[in-house]
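A.B. asks: My structure is in target.cif, and what it holds is mmCIF, C-alpha atoms:
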data_coords
#
loop_
_atom_site.label_atom_id
_atom_site.label_comp_id
_atom_site.auth_asym_id
_atom_site.auth_seq_id
_atom_site.Cartn_x
_atom_site.Cartn_y
_atom_site.Cartn_z
CA MET A 1 223.39 176.50 94.74
CA LEU A 2 227.14 176.74 95.00
CA TYR A 3 228.68 180.03 94.02
CA ILE A 4 232.10 181.63 94.17
CA ARG A 5 232.91 185.31 93.81
CA PHE A 6 236.13 186.19 92.02
CA ILE A 7 237.87 189.49 92.52
CA PRO A 8 240.17 189.32 89.48
CA ARG A 9 243.86 189.85 90.04
CA ALA A 10 246.36 190.82 87.41
CA ARG A 11 248.75 188.07 86.36
CA ILE A 12 250.37 186.73 83.25
CA VAL A 13 250.07 183.11 82.19
CA PHE A 14 252.56 181.68 79.75
CA PRO A 15 250.84 178.58 78.28
CA GLY A 16 251.72 175.13 77.61
CA VAL A 17 244.64 197.72 43.57
CA VAL A 18 243.40 194.67 43.71
CA ASN A 19 245.38 192.91 41.03
CA GLY A 20 243.74 190.58 38.58
CA TRP A 21 240.16 191.52 39.49
CA LYS A 22 237.62 193.77 37.84
CA ILE A 23 235.57 196.04 40.10
CA CYS A 24 232.14 196.86 38.65
CA LYS A 25 230.08 199.64 40.20
CA ALA A 26 226.32 199.13 39.90
CA ILE A 27 223.54 201.51 40.77
CA GLY A 28 220.51 199.88 42.34
CA GLU A 29 217.46 200.98 44.27
CA THR A 30 219.44 200.98 47.51
CA GLY A 31 222.31 203.01 46.05
CA PRO A 32 225.70 202.17 44.62
CA HIS A 33 227.38 198.88 45.46
CA TYR A 34 230.36 196.97 44.12
CA ARG A 35 230.42 193.61 42.43
CA VAL A 36 233.69 191.76 42.04
CA THR A 37 234.41 189.50 39.09
CA PRO A 38 237.63 187.95 37.83
CA SER A 39 239.08 189.94 34.96
CA VAL A 40 240.73 186.78 33.68
CA LYS A 41 239.38 183.33 34.46
CA ARG A 42 241.60 181.85 37.17
CA PHE A 43 242.27 178.16 37.63
CA PHE A 44 243.95 176.52 40.61
CA SER A 45 246.24 174.39 38.44
CA THR A 46 247.80 177.42 36.76
CA THR A 47 247.80 180.09 39.46
CA VAL A 48 249.89 178.68 42.29
CA GLY A 49 252.86 181.05 42.36
CA GLY A 50 256.27 181.15 44.00
CA GLY A 51 258.13 179.46 41.17
CA ILE A 52 256.37 176.11 41.60
CA SER A 53 256.87 173.67 38.77
CA GLU A 54 254.07 172.43 36.53
CA SER A 55 254.42 168.90 37.92
CA ASP A 56 254.03 170.20 41.49
CA ARG A 57 250.95 172.17 40.43
CA GLU A 58 249.41 169.01 39.04
CA LEU A 59 250.29 167.14 42.24
CA LEU A 60 248.59 169.81 44.36
CA LEU A 61 245.47 169.59 42.22
CA LYS A 62 245.47 165.81 42.45
CA TYR A 63 245.61 165.88 46.26
CA ALA A 64 243.02 168.66 46.47
CA GLU A 65 240.55 166.33 44.73
CA ARG A 66 240.96 163.65 47.41
CA PRO A 67 238.48 163.57 50.33
CA GLN A 68 239.62 164.63 53.79
CA THR A 69 239.20 162.21 56.69
CA SER A 70 237.29 163.63 59.67
CA VAL A 71 238.18 162.56 63.20
CA SER A 72 236.44 162.99 66.54
CA LEU A 73 237.69 163.66 70.06
CA GLN A 74 237.01 160.00 70.90
CA ASP A 75 239.04 158.88 67.86
CA LEU A 76 242.03 160.88 69.08
CA MET A 77 241.73 159.52 72.61
CA ARG A 78 241.30 155.87 71.62
CA THR A 79 244.17 156.01 69.15
CA GLY A 80 246.37 157.72 71.73
CA ARG A 81 245.60 154.98 74.26
CA GLY A 82 246.55 152.31 71.74
CA GLU A 83 243.06 150.85 71.48
CA ARG A 84 243.22 150.68 67.66
CA LEU A 85 246.64 149.14 67.12
CA HIS A 86 245.01 145.90 65.93
CA LYS A 87 243.61 147.80 62.91
CA THR A 88 247.13 148.51 61.64
CA PHE A 89 249.47 145.87 63.05
CA GLY A 90 249.41 142.09 63.35
CA GLU A 91 249.74 140.24 66.65
CA GLU A 92 253.41 139.46 66.03
CA THR A 93 254.29 143.15 65.58
CA VAL A 94 252.26 144.17 68.62
CA GLY A 95 254.07 141.57 70.72
CA ARG A 96 257.52 142.54 69.43
CA MET A 97 257.42 146.34 69.66
CA ALA A 98 256.55 148.67 72.54
CA ALA A 99 252.97 149.95 72.47
CA THR A 100 254.10 153.59 72.61
CA GLU A 101 256.30 153.13 69.55
CA LEU A 102 253.46 151.48 67.64
CA VAL A 103 251.02 154.25 68.56
CA LEU A 104 253.44 156.88 67.27
CA ILE A 105 254.04 154.96 64.03
CA GLN A 106 250.28 154.51 63.55
CA VAL A 107 249.54 158.21 64.09
CA ALA A 108 252.50 159.27 61.93
CA SER A 109 251.29 157.05 59.10
CA PHE A 110 247.84 158.63 59.26
CA LEU A 111 249.32 162.15 59.20
CA ARG A 112 251.61 161.27 56.29
CA HIS A 113 248.48 160.35 54.35
CA GLU A 114 246.12 163.07 55.63
CA LEU A 115 248.17 166.27 55.99
CA PRO A 116 249.09 166.67 52.28
CA ILE A 117 245.39 166.33 51.39
CA ARG A 118 244.34 168.97 53.89
CA LEU A 119 247.10 171.37 52.88
CA ALA A 120 246.22 170.97 49.18
CA HIS A 121 242.57 171.77 49.96
CA ARG A 122 243.67 174.95 51.75
CA VAL A 123 245.89 176.03 48.86
CA ARG A 124 242.98 175.59 46.45
CA ASP A 125 240.73 177.60 48.76
CA LEU A 126 243.35 180.34 49.13
CA GLU A 127 243.53 180.60 45.36
CA SER A 128 239.79 180.76 44.79
CA VAL A 129 238.54 183.51 47.11
CA GLN A 130 237.87 186.72 45.23
CA LEU A 131 240.00 189.79 45.97
CA LEU A 132 241.33 188.45 49.26
CA SER A 133 243.60 186.01 47.41
CA ASP A 134 245.50 188.94 45.88
CA MET A 135 246.47 190.48 49.21
CA ALA A 136 250.22 190.17 49.85
CA SER A 137 249.78 188.56 53.28
CA VAL A 138 247.37 185.96 51.92
CA LYS A 139 249.78 185.09 49.12
CA GLY A 140 252.43 184.58 51.80
CA VAL A 141 250.17 182.12 53.64
CA ARG A 142 249.46 180.25 50.39
CA ASP A 143 253.19 179.93 49.67
CA LEU A 144 253.71 178.63 53.21
CA TYR A 145 251.09 175.92 52.66
CA VAL A 146 252.61 174.97 49.31
CA ARG A 147 256.04 174.61 50.91
CA SER A 148 254.72 172.41 53.73
CA PHE A 149 252.77 170.28 51.24
CA LEU A 150 255.91 169.65 49.17
CA ASP A 151 257.96 168.85 52.30
CA LEU A 152 255.45 166.19 53.30
CA ILE A 153 255.19 164.71 49.82
CA ALA A 154 258.99 164.39 49.69
CA PHE A 155 258.96 162.21 52.83
CA ASP A 156 258.87 158.40 52.66
CA ASN A 157 255.51 157.03 51.49
CA SER A 158 255.41 154.44 54.24
CA ILE A 159 256.44 154.86 57.89
CA GLU A 160 257.32 151.50 59.38
CA THR A 161 260.31 151.99 61.68
CA VAL A 162 261.07 154.02 64.80
CA GLU A 163 263.81 155.90 62.94
CA GLN A 164 261.39 156.94 60.17
CA GLU A 165 258.83 158.01 62.73
CA GLU A 166 261.35 160.18 64.58
CA ARG A 167 262.36 161.91 61.34
CA PHE A 168 258.71 162.48 60.50
CA ALA A 169 258.08 163.96 63.96
CA ASN A 170 260.91 166.45 63.39
CA LEU A 171 259.39 167.40 60.03
CA VAL A 172 255.86 168.02 61.31
CA GLU A 173 257.20 169.91 64.33
CA SER A 174 258.96 172.30 61.98
CA ILE A 175 255.73 172.67 59.98
CA TYR A 176 253.78 173.32 63.20
CA GLU A 177 256.19 176.11 64.17
CA ARG A 178 256.32 177.48 60.63
CA HIS A 179 252.53 177.92 60.63
CA SER A 180 252.28 179.42 64.13
CA HIS A 181 251.76 182.98 62.84
CA VAL A 182 249.22 182.14 60.13
CA LEU A 183 246.25 183.51 62.08
CA VAL A 184 247.88 186.93 62.42
CA GLN A 185 249.14 186.83 58.84
CA MET A 186 245.63 186.12 57.54
CA ALA A 187 244.31 188.90 59.77
CA ARG A 188 246.81 191.16 58.07
CA GLY A 189 245.40 190.07 54.72
CA ALA A 190 241.83 190.84 55.86
CA TYR A 191 243.01 194.24 57.07
CA GLU A 192 244.63 194.94 53.69
CA PHE A 193 241.40 193.80 52.03
CA ARG A 194 239.27 196.04 54.24
CA LYS A 195 241.43 199.05 53.40
CA ALA A 196 241.11 198.31 49.67
CA VAL A 197 237.32 198.06 49.92
CA ARG A 198 237.05 201.27 51.90
CA GLU A 199 239.10 203.07 49.28
CA MET A 200 236.41 202.09 46.77
CA LYS A 201 233.82 203.75 49.09
CA GLY A 202 231.29 201.09 48.23
CA ASN A 203 228.89 198.78 50.02
CA GLU A 204 230.85 195.82 51.46
CA TYR A 205 228.08 193.25 51.84
CA GLU A 206 228.57 191.34 48.60
CA LEU A 207 232.27 191.09 49.37
CA THR A 208 231.88 190.32 53.06
CA ASP A 209 229.60 187.29 52.74
CA GLU A 210 231.97 185.38 50.48
CA SER A 211 235.07 186.45 52.39
CA ASN A 212 233.57 185.45 55.75
CA ALA A 213 232.51 182.06 54.42
CA PHE A 214 236.04 181.51 53.16
CA LEU A 215 237.64 182.62 56.44
CA ASP A 216 235.28 180.37 58.44
CA ARG A 217 236.34 177.40 56.31
CA PHE A 218 239.99 178.32 56.45
CA TYR A 219 240.20 178.75 60.24
CA LEU A 220 238.10 175.70 61.02
CA CYS A 221 240.41 173.61 58.82
CA ARG A 222 243.48 175.27 60.33
CA ILE A 223 242.24 174.25 63.80
CA GLY A 224 241.93 170.68 62.51
CA ILE A 225 245.47 170.59 61.12
CA ARG A 226 246.92 172.00 64.33
CA VAL A 227 244.92 169.58 66.49
CA LEU A 228 246.20 166.58 64.52
CA ILE A 229 249.83 167.72 64.64
CA GLY A 230 249.59 168.98 68.23
CA GLN A 231 248.12 165.66 69.40
CA TYR A 232 250.88 163.70 67.65
CA LEU A 233 253.68 165.86 69.06
CA ALA A 234 252.16 165.74 72.56
CA LEU A 235 252.15 161.92 72.43
CA HIS A 236 255.94 162.19 72.07
CA GLN A 237 256.21 163.90 75.45
CA PRO A 238 256.42 162.16 78.85
CA PRO A 239 252.96 161.14 80.11
CA VAL A 240 250.97 163.70 82.10
CA GLU A 241 248.27 162.57 84.51
CA ASN A 242 244.75 162.68 82.99
CA TYR A 243 246.12 163.70 79.58
CA ILE A 244 246.12 161.81 76.29
CA GLY A 245 248.18 164.08 74.09
CA ILE A 246 246.57 167.54 74.20
CA ILE A 247 243.25 166.14 75.49
CA CYS A 248 242.55 166.19 79.22
CA SER A 249 240.14 163.44 80.22
CA ASN A 250 239.12 165.47 83.31
CA THR A 251 238.92 169.00 81.96
CA SER A 252 237.42 171.28 84.62
CA PRO A 253 235.48 174.24 83.18
CA TYR A 254 235.68 175.85 86.62
CA GLU A 255 239.50 175.80 86.62
CA ILE A 256 239.71 176.94 83.00
CA VAL A 257 237.34 179.85 83.63
CA LYS A 258 239.32 180.88 86.72
CA ARG A 259 242.48 181.21 84.63
CA ALA A 260 240.60 183.03 81.87
CA ILE A 261 239.22 185.49 84.45
CA ASP A 262 242.73 186.33 85.63
CA ASP A 263 244.05 186.77 82.08
CA ALA A 264 241.12 188.96 81.00
CA ALA A 265 241.35 191.00 84.21
CA PHE A 266 245.05 191.60 83.61
CA MET A 267 244.29 193.11 80.20
CA CYS A 268 241.30 195.10 81.46
CA THR A 269 243.25 196.50 84.43
CA ARG A 270 246.19 197.40 82.24
CA ARG A 271 243.96 199.35 79.87
CA TYR A 272 241.39 200.89 82.23
CA GLY A 273 242.97 200.65 85.70
CA ASP A 274 240.30 198.30 87.07
CA ALA A 275 238.23 195.25 86.18
CA PRO A 276 234.75 193.97 87.12
CA GLU A 277 234.45 191.03 89.46
CA VAL A 278 233.13 187.71 88.20
CA ILE A 279 230.64 185.43 89.97
CA MET A 280 230.72 181.76 88.97
CA THR A 281 227.86 179.36 89.81
CA GLY A 282 226.51 175.96 88.75
CA ARG A 283 228.39 172.70 88.27
CA LEU A 284 231.74 173.82 89.65
CA ASP A 285 232.71 170.17 90.21
CA LEU A 286 232.12 169.12 86.59
CA THR A 287 234.87 167.45 84.55
CA PHE A 288 234.73 165.98 81.02
CA PRO A 289 237.15 165.16 78.17
CA TYR A 290 238.16 168.23 76.17
CA VAL A 291 241.13 170.25 74.92
CA PRO A 292 241.82 172.78 77.71
CA THR A 293 243.64 175.26 75.48
CA HIS A 294 240.58 175.52 73.21
CA LEU A 295 238.23 176.16 76.12
CA HIS A 296 240.60 178.75 77.60
CA TYR A 297 240.73 180.63 74.28
CA ILE A 298 236.91 180.73 74.09
CA MET A 299 236.34 181.79 77.70
CA PHE A 300 239.14 184.36 77.64
CA GLU A 301 237.65 186.00 74.56
CA LEU A 302 234.14 186.17 76.04
CA LEU A 303 235.31 187.44 79.42
CA LYS A 304 237.56 190.16 78.03
CA ASN A 305 234.69 191.32 75.80
CA SER A 306 232.35 191.44 78.80
CA MET A 307 234.87 193.27 80.97
CA ARG A 308 235.59 195.84 78.28
CA ALA A 309 231.88 196.44 77.60
CA THR A 310 231.09 196.76 81.31
CA VAL A 311 233.83 199.28 82.00
CA GLU A 312 233.09 201.39 78.92
CA TRP A 313 229.32 201.37 79.47
CA HIS A 314 229.39 202.32 83.16
CA GLY A 315 232.52 204.49 83.16
CA ILE A 316 235.93 203.92 84.70
CA ASP A 317 235.04 205.44 88.09
CA ALA A 318 231.74 203.57 88.52
CA ASP A 319 230.90 200.59 90.71
CA PHE A 320 230.75 197.85 88.09
CA PRO A 321 227.99 195.25 88.17
CA PRO A 322 229.53 191.76 88.30
CA ILE A 323 229.89 189.49 85.29
CA LYS A 324 228.14 186.16 85.87
CA VAL A 325 229.31 182.78 84.64
CA VAL A 326 227.03 179.74 84.93
CA ILE A 327 228.25 176.17 84.22
CA ALA A 328 225.31 173.87 83.45
CA ASP A 329 225.18 170.11 83.06
CA GLY A 330 222.81 167.26 83.81
CA ALA A 331 222.81 163.49 83.54
CA GLU A 332 220.75 163.58 80.35
CA ASN A 333 222.41 166.65 78.82
CA GLU A 334 224.14 166.18 75.47
CA ASP A 335 226.10 169.40 76.00
CA VAL A 336 228.03 171.13 78.72
CA VAL A 337 226.75 174.72 78.56
CA ILE A 338 228.58 177.76 79.91
CA LYS A 339 226.82 181.13 80.03
CA VAL A 340 228.62 184.46 80.38
CA SER A 341 226.31 187.37 81.28
CA ASP A 342 227.25 191.02 81.55
CA GLU A 343 225.53 194.38 81.99
CA GLY A 344 227.75 196.16 79.50
CA GLY A 345 225.09 197.94 77.48
CA GLY A 346 224.46 195.20 74.93
CA ILE A 347 224.83 195.20 71.16
CA THR A 348 222.59 197.04 68.70
CA ARG A 349 220.33 194.76 66.67
CA SER A 350 221.84 196.11 63.45
CA ASN A 351 225.28 194.93 64.59
CA MET A 352 224.29 191.43 65.74
CA LYS A 353 225.04 189.81 62.39
CA LYS A 354 228.25 191.77 62.04
CA ILE A 355 229.78 190.39 65.26
CA TRP A 356 230.54 187.15 63.37
CA SER A 357 232.29 189.01 60.57
CA TYR A 358 236.07 188.92 60.35
CA LEU A 359 235.88 192.35 58.73
CA PHE A 360 233.99 194.01 61.58
CA THR A 361 235.75 195.55 64.57
CA THR A 362 235.15 198.35 67.06
CA ALA A 363 238.87 199.01 67.42
CA ASP A 364 240.23 202.35 66.28
CA SER A 365 242.65 202.47 63.36
CA SER A 366 245.76 202.83 65.55
CA ILE A 367 244.98 199.58 67.38
CA GLN A 368 244.25 197.78 64.11
CA GLU A 369 247.54 198.96 62.60
CA GLY A 370 249.34 197.78 65.72
CA MET A 371 247.70 194.38 65.52
CA VAL A 372 248.68 193.76 61.90
CA SER A 373 252.32 193.97 62.98
CA PHE A 374 251.71 191.62 65.93
CA GLU A 375 253.38 188.21 65.76
CA ASN A 376 251.50 186.13 68.36
CA ASP A 377 248.31 184.26 67.55
CA ASN A 378 246.49 184.51 70.87
CA GLY A 379 248.73 185.84 73.60
CA ILE A 380 247.24 187.96 76.37
CA GLU A 381 249.38 190.89 75.28
CA ALA A 382 246.85 191.65 72.51
CA PRO A 383 244.62 194.73 73.07
CA LEU A 384 241.01 194.27 74.19
CA ALA A 385 239.68 195.18 70.76
CA GLY A 386 241.82 194.18 67.83
CA LEU A 387 240.94 193.02 64.37
CA GLY A 388 237.48 191.52 64.89
CA TYR A 389 238.68 187.91 64.98
CA GLY A 390 237.92 186.88 68.56
CA LEU A 391 234.27 185.85 68.34
CA PRO A 392 234.31 184.07 64.96
CA ILE A 393 237.48 182.17 65.90
CA SER A 394 235.94 181.20 69.27
CA ARG A 395 232.86 179.91 67.46
CA SER A 396 235.09 177.84 65.17
CA TYR A 397 236.78 176.29 68.24
CA CYS A 398 233.34 175.40 69.63
CA ARG A 399 232.11 173.94 66.35
CA TYR A 400 235.25 171.91 65.70
CA PHE A 401 234.18 169.21 68.17
CA GLY A 402 230.44 169.54 67.53
CA GLY A 403 229.57 172.44 69.86
CA ASP A 404 228.55 176.01 69.13
CA LEU A 405 228.62 179.58 70.39
CA SER A 406 225.62 181.90 70.38
CA ILE A 407 225.13 185.49 71.51
CA MET A 408 221.92 187.12 72.76
CA SER A 409 221.89 190.80 73.55
CA MET A 410 219.58 193.42 75.03
CA GLU A 411 220.56 196.85 73.79
CA GLY A 412 220.85 199.29 76.68
CA PHE A 413 221.38 196.53 79.23
CA GLY A 414 223.81 193.71 78.47
CA THR A 415 224.77 190.53 76.62
CA ASP A 416 224.54 186.78 77.26
CA ALA A 417 226.96 184.41 75.54
CA PHE A 418 226.24 180.66 75.48
CA VAL A 419 229.06 178.15 74.92
CA TYR A 420 227.89 174.64 73.94
CA LEU A 421 230.43 171.79 74.26
CA MET A 422 229.56 168.18 73.37
CA LYS A 423 230.05 165.85 76.34
CA LEU A 424 230.52 162.57 74.46
CA GLY A 425 233.19 163.79 72.06
CA ASP A 426 231.88 161.58 69.25
CA SER A 427 231.15 164.40 66.80
CA ARG A 428 233.44 164.34 63.78
CA GLU A 429 235.20 167.39 62.38
CA PRO A 430 232.88 169.49 60.16
CA LEU A 431 235.37 169.60 57.31
CA PRO A 432 234.22 171.37 54.12
CA MET A 433 234.09 169.32 50.93
#
Please lay out the structure from this file as structure tokens.
C.D. replies:
Amino acid sequence: MLYIRFIPRARIVFPGVVNGWKICKAIGETGPHYRVTPSVKRFFSTTVGGGISESDRELLLKYAERPQTSVSLQDLMRTGRGERLHKTFGEETVGRMAATELVLIQVASFLRHELPIRLAHRVRDLESVQLLSDMASVKGVRDLYVRSFLDLIAFDNSIETVEQEERFANLVESIYERHSHVLVQMARGAYEFRKAVREMKGNEYELTDESNAFLDRFYLCRIGIRVLIGQYLALHQPPVENYIGIICSNTSPYEIVKRAIDDAAFMCTRRYGDAPEVIMTGRLDLTFPYVPTHLHYIMFELLKNSMRATVEWHGIDADFPPIKVVIADGAENEDVVIKVSDEGGGITRSNMKKIWSYLFTTADSSIQEGMVSFENDNGIEAPLAGLGYGLPISRSYCRYFGGDLSIMSMEGFGTDAFVYLMKLGDSREPLPM
């Protein structure tokens, strides 16, 4: 068995109240709880704010009724390589124009059709979630999506020339940058929501289930939008060996985990003065097609959680037991599996369900208040415990291409996290209806 011991070093990597709702207190056998119902029946077609015209409201509703088109990792790779040009262009066009130009026009045409539909679905979802939709930060996100939707609708219906494609690329790049802080802005909205619920001093479970389901949908769909735009913009850049857009055909989990170890160790050392070592074993030579930035986000989150738990459980001056990472794969495996094991004291059984909640965090109030003013989505400057978004977002990244993330814990000992990543890349996006 090959194994490598990592003594983490610190380094930095710079990578590529509740308006409109009625709160009803009910007394049941288990004590008081709160039920939330609309005080006035709300409809998507009449509640989109920000001075939007009636015709634009109707247009949003029309697009929100259209089905979204799921894509897979293989779809993105084959389209990026130009293997599907024949589905859009005739032989004469293929012979007359450069393949790169045709690929960009083909992808731009798909995005011109697909992005307005996806944005309209998100606006409808942002309008429909109880209570959370009335938070100021969430309203800001909704207005951002409305603006981007209208910008795309105003563009030419058909993209057929290089000049049109270049203008479209500039438009979607501006949208990509405009939406770069949405994760933090939505976290701000959840924080505002959590404060409002706590002020009611009621049981949160009825509220939490619906809000978590909404946030799971929202972030999974946000990942999809950013993957589509990011892939298109990356195809505009000079070719990079082994890359097709943002997808690396030879992604090495070993190399990704090494970088994640260094980033997590930097944060742990900054906060506690030291960091546990990490032992990596298994298929260290494995490569497969994946999006490296997604895998880094997942592994960074798991490793920083393990390091934090280990240091806090054993004490700053103790000799820390190592964190163990195993990369598993076999010829017949449908998944690449990465396990992260720590001896950080584990998670109580009563908290196991809560770890997937966007409204659950172990951070103190000062850290939470600092995070809601933070402007970066996932930089390594964030504190080790923030707003409770790391694990559910990491699971969404896994699930986006057909994988998953599961956690098993032994209270009083430690935690094992299992990352499942599909090898074939033929799983389509799990977009909500």
A.B. asks: The residues within 10 Å of (234.6, 172.7, 86.2), using all atoms listed in the file and the coordinates of the file, should be reported as a PyMOL selection string; which are they?
C.D. replies: chain A and resi 250-258+282-288+327-328
A.B. asks: Would you list the contacts of Leu391 (chain A) as a VMD selection string, taking every protein, DNA or RNA residue within 9 Å and counting all atoms listed in the file, but skipping same-chain residues closer than 2 positions in sequence?
C.D. replies: chain A and resid 298 301 to 302 355 to 358 388 to 389 393 to 396 405
A.B. asks: Keeping only C-alpha atoms, write those residues as a PDB file, in the coordinates of the input.
C.D. replies:
ATOM      1  CA  ILE A 298     236.910 180.730  74.090  1.00  0.00           C
ATOM      2  CA  GLU A 301     237.650 186.000  74.560  1.00  0.00           C
ATOM      3  CA  LEU A 302     234.140 186.170  76.040  1.00  0.00           C
ATOM      4  CA  ILE A 355     229.780 190.390  65.260  1.00  0.00           C
ATOM      5  CA  TRP A 356     230.540 187.150  63.370  1.00  0.00           C
ATOM      6  CA  SER A 357     232.290 189.010  60.570  1.00  0.00           C
ATOM      7  CA  TYR A 358     236.070 188.920  60.350  1.00  0.00           C
ATOM      8  CA  GLY A 388     237.480 191.520  64.890  1.00  0.00           C
ATOM      9  CA  TYR A 389     238.680 187.910  64.980  1.00  0.00           C
ATOM     10  CA  ILE A 393     237.480 182.170  65.900  1.00  0.00           C
ATOM     11  CA  SER A 394     235.940 181.200  69.270  1.00  0.00           C
ATOM     12  CA  ARG A 395     232.860 179.910  67.460  1.00  0.00           C
ATOM     13  CA  SER A 396     235.090 177.840  65.170  1.00  0.00           C
ATOM     14  CA  LEU A 405     228.620 179.580  70.390  1.00  0.00           C
TER      15      LEU A 405
END
A.B. asks: Which residues are close to Thr69 (chain A), i.e. within 12 Å by only C-alpha atoms, leaving aside same-chain residues fewer than 2 positions away? Reply as a VMD selection string.
C.D. replies: chain A and resid 66 to 67 71 to 72 75 110 to 111 113 to 118 221 224 to 225 228 428 to 433
A.B. asks: At a cut-off of 9 Å, using only C-alpha atoms, what residues contact region 230-241 of chain A? Leave out same-chain residues fewer than 2 positions from it and give the result as a list in words.
C.D. replies: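 Here the qualifying residues turn out to be Leu76, Gly80, Thr100, Val103, Leu104, Val107, Ala108, Leu111, Ala169, Val172, Glu173, Tyr176, Ile225, Arg226, Val227, Leu228, Tyr243, Ile244, Gly245, Ile246, Ile247 and Cys248 of chain A.
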A.B. asks: Can you write out the residues you just picked, keeping C-alpha atoms, as a JSON list (two decimals), keeping the file's coordinate frame?
C.D. replies:
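again15.json, freshly written:
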[["chain", "number", "residue", "atom", "x", "y", "z"],
["A", 76, "LEU", "CA", 242.03, 160.88, 69.08],
["A", 80, "GLY", "CA", 246.37, 157.72, 71.73],
["A", 100, "THR", "CA", 254.10, 153.59, 72.61],
["A", 103, "VAL", "CA", 251.02, 154.25, 68.56],
["A", 104, "LEU", "CA", 253.44, 156.88, 67.27],
["A", 107, "VAL", "CA", 249.54, 158.21, 64.09],
["A", 108, "ALA", "CA", 252.50, 159.27, 61.93],
["A", 111, "LEU", "CA", 249.32, 162.15, 59.20],
["A", 169, "ALA", "CA", 258.08, 163.96, 63.96],
["A", 172, "VAL", "CA", 255.86, 168.02, 61.31],
["A", 173, "GLU", "CA", 257.20, 169.91, 64.33],
["A", 176, "TYR", "CA", 253.78, 173.32, 63.20],
["A", 225, "ILE", "CA", 245.47, 170.59, 61.12],
["A", 226, "ARG", "CA", 246.92, 172.00, 64.33],
["A", 227, "VAL", "CA", 244.92, 169.58, 66.49],
["A", 228, "LEU", "CA", 246.20, 166.58, 64.52],
["A", 243, "TYR", "CA", 246.12, 163.70, 79.58],
["A", 244, "ILE", "CA", 246.12, 161.81, 76.29],
["A", 245, "GLY", "CA", 248.18, 164.08, 74.09],
["A", 246, "ILE", "CA", 246.57, 167.54, 74.20],
["A", 247, "ILE", "CA", 243.25, 166.14, 75.49],
["A", 248, "CYS", "CA", 242.55, 166.19, 79.22]]
A.B. asks: Between CA of Leu132 (chain A) and CA of Arg178 (chain A), what is the distance in Å, rounded to a tenth?
C.D. replies: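 One can read the CA of Leu132 (chain A) to CA of Arg178 (chain A) distance as 21.8 Å.
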A.B. asks: Find the spatial neighbours of region 272-278 of chain A, counting all atoms listed in the file, within a cut-off of 12 Å - ignore same-chain residues fewer than 3 positions away - and output them as a PyMOL selection string.
C.D. replies: chain A and resi 3-10+257-269+281+303-326+340-344+383-384
A.B. asks: Compare A:Ala417, A:Ile52, A:Ala136, A:Ala98 by their minimum atom-to-atom distance to Leu85 (chain A), counting only C-alpha atoms, and give me the closest one.
C.D. replies: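 Ranking A:Ala417, A:Ile52, A:Ala136, A:Ala98 by distance to Leu85 (chain A), first place goes to A:Ala98.
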A.B. asks: Quick one: of A:Val138, A:Leu73, A:Phe401, A:Tyr145, who's nearest to Tyr191 (chain A), counting only C-alpha atoms?
C.D. replies: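 Closest to Tyr191 (chain A), using only C-alpha atoms: A:Val138.
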A.B. asks: Apply the PyMOL selection byres ((chain A and resi 154-162) around 8) to the structure shown and report the selected residues as number ranges by chain.
C.D. replies: A: 101, 105, 108-109, 112, 150-153, 163-166, 168
A.B. asks: Evaluate the PyMOL selection byres ((chain A and resi 65) around 12) on the structure here and hand back the selected residues as an MDAnalysis selection string.
C.D. replies: chainID A and resid 44:45 58:64 66:68 116:125 433
A.B. asks: What does the structure give for the distance between CA of Lys423 (chain A) and CA of Phe218 (chain A), in Å to one decimal?
C.D. replies: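 For CA of Lys423 (chain A) relative to CA of Phe218 (chain A), the distance reads 25.5 Å.
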A.B. asks: Using all atoms listed in the file, which residue out of A:Lys353, A:Arg188, A:Lys339, A:Arg147 lies closest to Tyr420 (chain A)?
C.D. replies: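 Selected residue with least distance to Tyr420 (chain A): A:Lys339.
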A.B. asks: For Met135 (chain A), which of A:Val184, A:Met280, A:Ile175, A:Ala196 is the closest residue, counting all atoms listed in the file?
C.D. replies: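 Result for the nearest residue to Met135 (chain A): A:Ala196.
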A.B. asks: If I take CA of Val337 (chain A) and CA of Cys398 (chain A), how far is one from the other in Å, to one decimal?
C.D. replies: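 Going from CA of Val337 (chain A) over to CA of Cys398 (chain A) covers 11.1 Å.
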A.B. asks: Around the point (219.2, 196.0, 66.4) (coordinates from the file), which residues reach within 12 Å if we count all atoms listed in the file? Answer as a list in words.
C.D. replies: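 The distance filter leaves exactly Gly346, Ile347, Thr348, Arg349, Ser350, Asn351, Met352, Lys353, Lys354, Met408, Ser409, Met410, Glu411 and Gly412 of chain A.
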A.B. asks: I'd like the contact shell of Tyr397 (chain A) - 9 Å cut-off, all atoms listed in the file, skipping same-chain residues fewer than 4 positions apart - returned as a PyMOL selection string.
C.D. replies: chain A and resi 220+223+294-295+297-298+392-393+401+403-404
